[in-house]
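Engineer: Can you read through this structure? Questions will come right after.
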Amino acid sequence: MLPLLLVTVVAVRHRSVLAEGFGHLTTARWPWLLAAAGATCLTWVAAACTRQGAVVERLPRRRLLATQFAAGAANHLLPTGLGASAVNLRFMAVCGLPLARSSAALALYLLAESVGRLALLGALFIAFPDALRLGTLLPEGAVGPLLVVAGAVPVVAAGVLVLVPRLRGAVASFLRTALGEARSVHRLPARAVALWGGALAFPALQASALVLVGLSLGLPVPVAHMAVAYLAATVAVALVPTPGGIGSVEAALVVALVAAGGPAAVATAVVLAFRLLTVWLPLLPGALTLAALVRMRAI
C-alpha cells in the first residue's frame, strides 16, 4: 500500500499537470492508437510462446493463449507478478506437470524475460547513448546507496542460506530441477527459439505500443528514445511491489519520457493513454476469461 500512497501524494501535488495531460488525450490520432492496440494483443502471443518454450511438453495452444490473457487480469490482484505466476502454475498443473517442474519452468520464463528486457535495453543504450539524461532520473547522491543495497541483497540471501540448512536443501533441490529442465528445453531447437524469441519479442512489443501511443499524441521524442525510456522505467520499477505496477509504472514512465526530452504534460498524456490501452481496457475481459477458465477447470 505504501507505493500506492506515495503515488497518490505525488498525483495530488501535480494535479495541474495531470489535468493538462488528460486534456491532451482528446488530440490523439486513432490510427496510431489502433496500431498500439494490435501490438498489445501480440504481447500475449509472445508471452504464450515464451511459456511454451520453457517446458518440453506440448501445451494446448488455445488454452495457453487464453491463460496469458487471463493472467494479465490476475496480475493486478497481487503484487510483483504473483497473480500471473499463480495462474500459470495452476495451468501447468492441470496439464499434468509436477509442481517441481512447473515451478522450474516458471523460473526459466522469468529469467528469460528479464534477460530479454535487459539485453534489449543494453542494445538500445549502446546504439543511442544520449537517449536519456540519467542525471535527471536519479537524485543527487542516490547512486551510492543504491549500489550498497544492490550489493547487500545477495550477501543477506547467502547468509540466510548458510544459517538455515533446511532452506539450503530446498533451494539446492529446486536448482537441480531447474537446471535439468533448462537443459532439456535447450536440447529442442523449437523450444529454445520459442523461449528466447518470445522473451525478446515481449518487451519489444510493449515498447512499440508506447512508441505508437507517443506518435498518436505527437510526443516530440525520437522513437528509439521513447523505447529506451520505456525499458529503463520498467526495469527500474521491477522490484516495486505494487499490483501490476499500478502507480509506480506510471510515475517512472513520466519521469523517463521527460528525461528523454518530452514536455511533462504530453508525456503524462502518453502514459495515461498507454496504461489505459494496455491495463485498464483489457482488465474486465481478462477477468471474465479467468473466471471462464476456472469454471472449465482449465486452471
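To be explicit about the labels: the chains of the C-alpha cells are called A, B, and onward in the order shown, and within each one the residues are counted from 1, while ligands get numbers from 1 in the order they are shown.
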Just the helix (DSSP H, G or I) stuff from stretch 123-283 of chain A, please, per backbone DSSP, written as a ChimeraX atom specification.
Structural biologist: /A:123-127,134-137,143-163,165-186,189-216,223-236,248-259,264-283
Engineer: Write out as a PyMOL selection string the residues lying within 10 Å of A:Thr289, counting only C-alpha atoms and excluding same-chain residues fewer than 4 positions away.
Structural biologist: chain A and resi 66-71+73+283-285+293-295
Engineer: Pick the closest to A:Ala36 from A:Ala194, A:Leu276, A:Leu210, A:Val255: which is it, counting only C-alpha atoms?
Structural biologist: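 Checking each candidate against A:Ala36, we get A:Leu210 as the closest.
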Engineer: So which one's closest to A:Pro282, A:Ala74, A:Leu120, A:Val115, A:Ala178? Using only C-alpha atoms, please.
Structural biologist: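 Closest residue, counting only C-alpha atoms: A:Ala74.
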Engineer: Nearest to A:Ala287: which of A:His76, A:Gly116, A:Leu59, A:Ala48 is it, counting only C-alpha atoms?
Structural biologist: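 Smallest distance to A:Ala287 is found for A:His76.
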Engineer: Between atom CA of A:Tyr230 and atom CA of A:Ala28, what is the spacing in Å?
Structural biologist: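 According to the coordinates, atom CA of A:Ala28 and atom CA of A:Tyr230 are separated by 19.4 Å.
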Engineer: Name the residues in contact with A:Ala209 at a cut-off of 7 Å, using only C-alpha atoms, excluding same-chain residues fewer than 2 positions from it; report them as a PDB file with N, CA and C atoms, in the first residue's frame.
Structural biologist:
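For reference, out13.pdb as written:
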```pdb
ATOM      1  N   ALA A  36      -1.244   0.542 -31.746  1.00  0.00           N
ATOM      2  CA  ALA A  36      -0.769   0.234 -30.393  1.00  0.00           C
ATOM      3  C   ALA A  36      -1.592  -0.887 -29.768  1.00  0.00           C
ATOM      4  N   ALA A  39      -0.318  -4.110 -31.195  1.00  0.00           N
ATOM      5  CA  ALA A  39       0.938  -4.518 -30.556  1.00  0.00           C
ATOM      6  C   ALA A  39       0.682  -5.098 -29.171  1.00  0.00           C
ATOM      7  N   THR A  40      -0.290  -4.520 -28.454  1.00  0.00           N
ATOM      8  CA  THR A  40      -0.638  -5.036 -27.131  1.00  0.00           C
ATOM      9  C   THR A  40      -1.176  -6.459 -27.226  1.00  0.00           C
ATOM     10  N   LEU A 205       7.510  -5.546 -28.077  1.00  0.00           N
ATOM     11  CA  LEU A 205       6.130  -5.193 -28.412  1.00  0.00           C
ATOM     12  C   LEU A 205       5.556  -4.190 -27.413  1.00  0.00           C
ATOM     13  N   GLN A 206       5.887  -4.359 -26.133  1.00  0.00           N
ATOM     14  CA  GLN A 206       5.432  -3.392 -25.136  1.00  0.00           C
ATOM     15  C   GLN A 206       5.995  -2.006 -25.440  1.00  0.00           C
ATOM     16  N   ALA A 207       7.299  -1.950 -25.734  1.00  0.00           N
ATOM     17  CA  ALA A 207       7.911  -0.665 -26.071  1.00  0.00           C
ATOM     18  C   ALA A 207       7.292  -0.087 -27.345  1.00  0.00           C
ATOM     19  N   VAL A 211       5.559   3.572 -28.004  1.00  0.00           N
ATOM     20  CA  VAL A 211       6.007   4.436 -29.098  1.00  0.00           C
ATOM     21  C   VAL A 211       4.828   4.841 -29.980  1.00  0.00           C
ATOM     22  N   LEU A 212       3.963   3.896 -30.288  1.00  0.00           N
ATOM     23  CA  LEU A 212       2.804   4.199 -31.133  1.00  0.00           C
ATOM     24  C   LEU A 212       1.853   5.167 -30.446  1.00  0.00           C
ATOM     25  N   VAL A 213       1.663   5.019 -29.133  1.00  0.00           N
ATOM     26  CA  VAL A 213       0.839   5.968 -28.392  1.00  0.00           C
ATOM     27  C   VAL A 213       1.495   7.346 -28.414  1.00  0.00           C
TER      28      VAL A 213
END
```
Engineer: So, with only C-alpha atoms as the atoms that count, which of A:Ala47, A:Ala152, A:Leu33, A:Ala172 lies closest to A:Ala204?
Structural biologist: A:Ala47
Engineer: Quick one: residues within 10 Å of A:Val270, only C-alpha atoms, excluding same-chain residues fewer than 3 positions away - as a PyMOL selection string?
Structural biologist: chain A and resi 21-22+24-25+28+210-219+250+253-254+257+264-267+273-276
Engineer: Report the closest atom pair, with its distance in Å rounded to one decimal, for each residue of stretch 144-217 of chain A that has an atom no farther than 7 Å from stretch 50-57 of chain A; count only C-alpha atoms, sort by chain and then rising residue number, and write it as a Markdown table.
Structural biologist:
```
| residue | atom | partner | partner_atom | distance |
| --- | --- | --- | --- | --- |
| A:Ser184 | CA | A:Val56 | CA | 6.8 |
| A:Val185 | CA | A:Val56 | CA | 5.6 |
| A:Arg191 | CA | A:Gly53 | CA | 4.2 |
| A:Ala192 | CA | A:Gly53 | CA | 6.0 |
| A:Ala194 | CA | A:Gly53 | CA | 4.8 |
| A:Leu195 | CA | A:Gly53 | CA | 4.1 |
| A:Trp196 | CA | A:Thr50 | CA | 6.9 |
| A:Gly198 | CA | A:Thr50 | CA | 4.7 |
| A:Ala199 | CA | A:Thr50 | CA | 6.0 |
```
Engineer: Using atom CA of A:Leu200 and atom CA of A:Glu113 as the two end points, give the distance in Å to one decimal.
Structural biologist: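 Value for the atom CA of A:Leu200-atom CA of A:Glu113 distance: 7.2 Å.
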